[in-house]
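Participant: One structure, as structure tokens, below. Some questions next.
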Amino acid sequence: MSATTLSLGRPSPIAAIPGFRLTLGITLAWLGGVVLIPLAALALRPWELGLGGVLAVLADARVLAALQLSFGAAAMAALLDLPLGLLLAWVIVRLRFPGRSALDAALDLPFALPTAVAGIALTALTAPNGWLGAPLEAMFGWKIAFTQAGIVFALMFTGLPFIVRTVEPVLRDMARDAEEAAATLGASRMQTLGRVVLPALLPALLTGFSLAFARSVGEYGSVIFIAGNLPMLTEIAPLLIVVKLEQFDYAGAAVVGMAMLLLSFALLFGINQVQQLLRRGRA
Amino acid sequence: MTVEVQGIVRRFGATAALEGVSLSVREGEFIALLGPSGSGKTTLLRILAGLEGTDAGVVRVGGRDLTGVPARERGIGMVFQNYALFRHMTVFDNIAFGLRVRAQKPHHSEIATRVRRLLELVQVPELETRYPEQCSGGQRQRVALARALAIEPRLLLLDEPFSALDALVRKDVRRWLRGLHDGLGITSVLVTHDQEEAMELADRIAVMERGRIVQFDTAETLLRAPATAFVAGFVGEAARLPCTVRGGVAHFDPLPMTPLRAALPDGPATAFVRPHDIVARSGDGAAKVRLVRQEDQAPNRLVVQAGDVVLDATSGPGEVFARGQACRLTLRGGHVFSAAGGSTRAQPLAAAMAS
């Protein structure tokens, strides 16, 4: 209806940022080349076995146990990391003490360390003769290394910084005056924490959880040393894929890969939906 | 409730935010803490709320010593500068918050009744189910006020509550708030750096300067008898003019202005003169009209230049000025503060009146 449209005889292409087609084209080409085409290969490969073959691979008790372990341990690790990550973020943002910046930097080490190095270190630490493993076994009879607990422990290590780093900026931006307002209204520290601070942090915590979870599901290097890799017991799905590849069972490996992909997507999609619900009413 | 503040000292590191502040507020009174930024007015308010500690001094509300009493046990309502509403809660939940965190929580139907009554009181019943971010600035302010009032506070504290509103809304909300105060009768303390706001809302104004209350009086007294040069300069519009006192007369040389009678010791002094006490008359004066304001009103408000000083003045009776016109300036009075200490309300000389 505008004068521009009428004089040109077609919709005016003027926008704040020019080159819509060019940028979208480059983006899609890149996304296709790096993400979509490899994933398409993964989606196509299993069908070499036929539908029956795919179902047979998925029904295999060893595959089911590995998938269950991978997703279960990842969820458990991310859940255990939540309070720990929140606490660390709180300490970094709210407290001032000598060595704070060193702690801040150290939190990123799980990002930087090759996961295999982390795996070997954690295994040495929690092995029955390790610094942590020996006293824990002596005192409580707990075994960490070469058990499912060890897998969760390794995944907690790699997942922790995701939670700290997503919560930290939100906590930093959170104005103190909401907490002060809660105090003037008669709320105790616990009530303020439960009713004002945590709900405000919930979306960030959920994002951190899904990042840590997604990372943990696919984690390989840090887990294989500490897990012991006993089929049906401590064999994670990514390792099972490698095992299948080594046996030249490419299609079978692709079936497990596809199952992980679909499960992960469904879970992350679900978490995103919850996020949407939480964000309702906020800008 | 009455508020009694005695000898409050608050230091942040080496700098003192409050240096021995005393203040006494009557039951149901609305007072303002007025001062430039950094004068300690917000610190004093936060000490009253219990959000800030003190290094010395006592705060009593309704006769009860509040030293060491945490904010949550004080029963003092506070409206924060940026309202500090809980963003993840609806307006209803925000207002209900103070009722729900009580040890003896009222029944939820009782809470609903009270929240709705408060929403009616602040005239925004339609906002009940909205989130703070879906409300305008003025609406948020009303919600913040309702939330503070929900705990039936003994004292209401307002920290620059109008600073986030645009000028037009601000005037409306101010008038409405004063009406609300008159209806409820809650003792209220307002912090502001806007003297117009303080004068319109408050019964008495405590003017603060660098951690001290320099004068605590009604707006009328502050204007008529400022206690210090700072008050004279900060409250009301006044031009600050350097002068010299010789034999009980303040001379403004080299500024082209008539002298004033000022019973002060000889020596340098500062005069604070309000625009309506600076009268411009046409003629061959050394001053020049730079701008004519409110041309449709008589007498005109003028901006004049005298020497290197630019000040607000008023046109003499029946005089009409144009931009750039020369004029003479006659002073009708002012407050003169001697550099040696002491001050007086200065009067025009009889000779100056006659001319």
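Quick note on naming: the chains in the structure tokens go A, B, ... in the order shown, residues restart at 1 in each chain, and ligands are numbered from 1 in order of appearance.
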What residues in chain B lie within 10 Å of chain A, counting only C-alpha atoms, written as a PyMOL selection string?
Facilitator: chain B and resi 46+49-51+70-90+94-103+129-134+144+147-153
Participant: Excluding same-chain residues fewer than 5 positions from Val303 (chain B), what lies within 8 Å of it counting only C-alpha atoms, as a PyMOL selection string?
Facilitator: chain B and resi 289-293+310-313
Participant: Can you check which residues of region 16-146 of chain A DSSP gives as alpha helix (DSSP H) on the backbone and send them as a ChimeraX atom specification?
Facilitator: /A:20-31,37-44,50-59,61-94,100-106,109-112,115-126,133-140
Participant: Write out the residues from the selection above, keeping C-alpha atoms, as a CSV table (one decimal), in the first residue's frame.
Facilitator:
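In the end it all went to result04.csv:
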chain,number,residue,atom,x,y,z
A,20,PHE,CA,18.8,-11.6,2.6
A,21,ARG,CA,19.0,-14.2,-0.2
A,22,LEU,CA,22.8,-14.2,-0.2
A,23,THR,CA,23.1,-14.7,3.5
A,24,LEU,CA,20.4,-17.3,3.7
A,25,GLY,CA,22.0,-19.2,0.8
A,26,ILE,CA,25.4,-19.3,2.4
A,27,THR,CA,23.9,-20.3,5.7
A,28,LEU,CA,21.9,-23.1,4.2
A,29,ALA,CA,24.8,-24.4,2.1
A,30,TRP,CA,27.1,-24.4,5.1
A,31,LEU,CA,24.5,-26.1,7.3
A,37,ILE,CA,24.3,-34.3,4.6
A,38,PRO,CA,26.4,-36.3,7.2
A,39,LEU,CA,23.2,-36.8,9.2
A,40,ALA,CA,21.3,-37.9,6.0
A,41,ALA,CA,24.0,-40.5,5.4
A,42,LEU,CA,23.5,-41.7,9.0
A,43,ALA,CA,19.8,-41.9,8.4
A,44,LEU,CA,20.1,-43.8,5.1
A,50,GLY,CA,15.9,-53.7,5.9
A,51,LEU,CA,13.3,-52.8,8.5
A,52,GLY,CA,13.5,-56.2,10.1
A,53,GLY,CA,17.3,-56.0,10.4
A,54,VAL,CA,17.1,-52.5,12.0
A,55,LEU,CA,14.6,-53.7,14.5
A,56,ALA,CA,16.7,-56.8,15.3
A,57,VAL,CA,19.7,-54.6,16.0
A,58,LEU,CA,17.6,-52.4,18.3
A,59,ALA,CA,16.1,-55.3,20.1
A,61,ALA,CA,19.9,-56.8,24.6
A,62,ARG,CA,23.5,-55.5,24.5
A,63,VAL,CA,22.4,-52.5,22.3
A,64,LEU,CA,19.5,-51.7,24.6
A,65,ALA,CA,21.7,-51.9,27.7
A,66,ALA,CA,24.2,-49.6,26.2
A,67,LEU,CA,21.6,-47.0,25.2
A,68,GLN,CA,20.0,-47.2,28.6
A,69,LEU,CA,23.3,-46.7,30.2
A,70,SER,CA,24.4,-43.8,28.0
A,71,PHE,CA,21.1,-41.9,28.5
A,72,GLY,CA,20.7,-42.9,32.1
A,73,ALA,CA,24.2,-42.0,33.1
A,74,ALA,CA,24.1,-38.7,31.1
A,75,ALA,CA,20.8,-37.7,32.8
A,76,MET,CA,22.1,-38.7,36.2
A,77,ALA,CA,25.4,-36.7,35.7
A,78,ALA,CA,23.6,-33.6,34.5
A,79,LEU,CA,21.2,-33.8,37.4
A,80,LEU,CA,24.0,-34.1,40.0
A,81,ASP,CA,25.8,-31.3,38.2
A,82,LEU,CA,22.9,-28.9,38.6
A,83,PRO,CA,23.2,-28.1,42.3
A,84,LEU,CA,27.0,-28.2,42.1
A,85,GLY,CA,27.1,-25.9,39.1
A,86,LEU,CA,24.6,-23.5,40.6
A,87,LEU,CA,26.7,-23.3,43.8
A,88,LEU,CA,29.9,-22.7,41.8
A,89,ALA,CA,28.3,-20.0,39.7
A,90,TRP,CA,27.0,-18.4,42.9
A,91,VAL,CA,30.5,-18.4,44.5
A,92,ILE,CA,32.1,-16.9,41.4
A,93,VAL,CA,29.5,-14.2,41.0
A,94,ARG,CA,28.6,-13.3,44.5
A,100,ARG,CA,38.5,-16.4,42.8
A,101,SER,CA,39.8,-15.7,39.3
A,102,ALA,CA,41.9,-18.8,39.4
A,103,LEU,CA,38.9,-20.9,40.4
A,104,ASP,CA,37.0,-19.1,37.6
A,105,ALA,CA,39.6,-20.2,35.0
A,106,ALA,CA,39.9,-23.7,36.4
A,109,LEU,CA,39.6,-26.9,32.2
A,110,PRO,CA,37.2,-29.7,31.4
A,111,PHE,CA,36.5,-27.9,28.1
A,112,ALA,CA,40.2,-27.6,27.3
A,115,THR,CA,38.9,-36.0,27.1
A,116,ALA,CA,41.2,-39.0,27.1
A,117,VAL,CA,43.5,-37.2,29.5
A,118,ALA,CA,40.6,-36.4,31.8
A,119,GLY,CA,39.5,-40.1,31.6
A,120,ILE,CA,42.9,-41.4,32.5
A,121,ALA,CA,43.3,-38.9,35.4
A,122,LEU,CA,39.8,-39.7,36.7
A,123,THR,CA,40.5,-43.4,36.5
A,124,ALA,CA,43.8,-43.2,38.3
A,125,LEU,CA,42.1,-41.1,41.0
A,126,THR,CA,39.2,-43.4,41.6
A,133,GLY,CA,39.2,-44.8,45.3
A,134,ALA,CA,41.2,-46.4,48.1
A,135,PRO,CA,39.7,-44.4,51.0
A,136,LEU,CA,36.2,-44.6,49.6
A,137,GLU,CA,36.5,-48.4,49.3
A,138,ALA,CA,38.0,-48.7,52.7
A,139,MET,CA,35.5,-46.6,54.5
A,140,PHE,CA,32.2,-47.2,52.6
Participant: Between CA of Leu255 (chain B) and CA of Phe272 (chain B), what is the spacing in Å?
Facilitator: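 We find that CA of Phe272 (chain B) and CA of Leu255 (chain B) lie 14.2 Å from each other.
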Participant: To one decimal place in Å, what is the distance between CA of Val336 (chain B) and CA of Val214 (chain B)?
Facilitator: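 According to the coordinates, CA of Val336 (chain B) and CA of Val214 (chain B) are separated by 17.1 Å.
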Participant: What's around Val217 (chain A) at 12 Å? Count only C-alpha atoms, leave out sequence neighbours fewer than 2 positions away in its own chain, and write the answer as a count of residues only.
Facilitator: 44
Participant: Could you tell me how far CA of Phe92 (chain B) lies from CA of Thr113 (chain B), in Å and to one decimal?
Facilitator: 10.9 Å
Participant: Name all residues at most 9 Å from Gln123 (chain B) (count only C-alpha atoms; drop same-chain ones fewer than 4 positions away) and give them as a JSON list (two decimals) with all heavy atoms, in the first residue's frame.
Facilitator:
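Saved to part_36.json:
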[["chain", "number", "residue", "atom", "x", "y", "z"],
["B", 118, "LEU", "N", -6.19, -4.25, 46.95],
["B", 118, "LEU", "CA", -5.03, -3.42, 46.69],
["B", 118, "LEU", "C", -4.96, -2.98, 45.23],
["B", 118, "LEU", "O", -4.62, -1.84, 44.92],
["B", 118, "LEU", "CB", -3.75, -4.17, 47.07],
["B", 118, "LEU", "CG", -3.47, -4.22, 48.57],
["B", 118, "LEU", "CD1", -2.51, -5.33, 48.91],
["B", 118, "LEU", "CD2", -2.93, -2.89, 49.05],
["B", 119, "LEU", "N", -5.30, -3.91, 44.33],
["B", 119, "LEU", "CA", -5.29, -3.57, 42.91],
["B", 119, "LEU", "C", -6.32, -2.47, 42.63],
["B", 119, "LEU", "O", -6.09, -1.58, 41.82],
["B", 119, "LEU", "CB", -5.59, -4.80, 42.07],
["B", 119, "LEU", "CG", -4.39, -5.73, 41.81],
["B", 119, "LEU", "CD1", -4.85, -7.06, 41.25],
["B", 119, "LEU", "CD2", -3.42, -5.08, 40.85],
["B", 142, "ARG", "N", 2.64, 1.35, 40.19],
["B", 142, "ARG", "CA", 1.46, 1.12, 41.03],
["B", 142, "ARG", "C", 1.49, -0.28, 41.61],
["B", 142, "ARG", "O", 1.12, -0.48, 42.78],
["B", 142, "ARG", "CB", 0.19, 1.32, 40.19],
["B", 142, "ARG", "CG", -0.10, 2.78, 39.94],
["B", 142, "ARG", "CD", -1.07, 2.98, 38.79],
["B", 142, "ARG", "NE", -1.11, 4.39, 38.43],
["B", 142, "ARG", "CZ", -2.11, 5.20, 38.76],
["B", 142, "ARG", "NH1", -3.14, 4.73, 39.44],
["B", 142, "ARG", "NH2", -2.10, 6.46, 38.42]]
Participant: Would you mind listing what lies within 8 Å of Ile278 (chain B) as number ranges by chain, with only C-alpha atoms counted and same-chain residues fewer than 4 positions away left out?
Facilitator: B: 273-274, 312-314, 329-332
Participant: I need the residues from that last selection saved to file as a JSON list (two decimals), in the first residue's frame (with N, CA and C atoms), if you can.
Facilitator:
[["chain", "number", "residue", "atom", "x", "y", "z"],
["B", 273, "VAL", "N", 19.65, 35.11, 44.76],
["B", 273, "VAL", "CA", 18.53, 35.97, 44.39],
["B", 273, "VAL", "C", 17.61, 35.21, 43.44],
["B", 274, "ARG", "N", 16.31, 35.21, 43.76],
["B", 274, "ARG", "CA", 15.35, 34.48, 42.94],
["B", 274, "ARG", "C", 14.95, 35.33, 41.73],
["B", 312, "ASP", "N", 18.18, 34.33, 35.27],
["B", 312, "ASP", "CA", 16.75, 34.50, 35.05],
["B", 312, "ASP", "C", 16.28, 35.76, 35.77],
["B", 313, "ALA", "N", 15.45, 36.52, 35.12],
["B", 313, "ALA", "CA", 14.95, 37.75, 35.74],
["B", 313, "ALA", "C", 13.47, 37.92, 35.37],
["B", 314, "THR", "N", 12.88, 38.99, 35.90],
["B", 314, "THR", "CA", 11.48, 39.27, 35.64],
["B", 314, "THR", "C", 11.39, 40.70, 35.10],
["B", 329, "LEU", "N", 19.15, 46.38, 35.86],
["B", 329, "LEU", "CA", 18.67, 45.35, 36.78],
["B", 329, "LEU", "C", 18.58, 45.90, 38.19],
["B", 330, "THR", "N", 17.39, 45.74, 38.79],
["B", 330, "THR", "CA", 17.19, 46.15, 40.17],
["B", 330, "THR", "C", 16.92, 44.92, 41.01],
["B", 331, "LEU", "N", 17.58, 44.82, 42.15],
["B", 331, "LEU", "CA", 17.35, 43.66, 43.03],
["B", 331, "LEU", "C", 16.34, 44.06, 44.10],
["B", 332, "ARG", "N", 15.36, 43.17, 44.31],
["B", 332, "ARG", "CA", 14.34, 43.47, 45.32],
["B", 332, "ARG", "C", 14.58, 42.73, 46.63]]
Participant: For Thr147 (chain A), find every residue with an atom within 7 Å (counting only C-alpha atoms), except residues of its own chain fewer than 6 positions away, and show them as number ranges by chain.
Facilitator: A: 227-228, 234
Participant: Those selected residues, please, written with all heavy atoms and delivered as a compact mmCIF listing (two decimals), in the first residue's frame.
Facilitator:
# COMPACT_ATOMS: atom_id res chain seq x y z
N ALA A 227 35.24 -46.68 32.55
CA ALA A 227 34.04 -47.50 32.55
C ALA A 227 34.35 -49.00 32.73
O ALA A 227 33.58 -49.73 33.32
CB ALA A 227 33.27 -47.30 31.26
N GLY A 228 35.49 -49.45 32.21
CA GLY A 228 35.76 -50.88 32.26
C GLY A 228 35.16 -51.60 31.07
O GLY A 228 35.62 -52.67 30.69
N THR A 234 28.85 -51.98 31.74
CA THR A 234 29.45 -50.65 31.70
C THR A 234 29.89 -50.30 30.29
O THR A 234 30.88 -49.62 30.09
CB THR A 234 30.67 -50.56 32.65
OG1 THR A 234 31.61 -51.57 32.26
CG2 THR A 234 30.27 -50.75 34.09
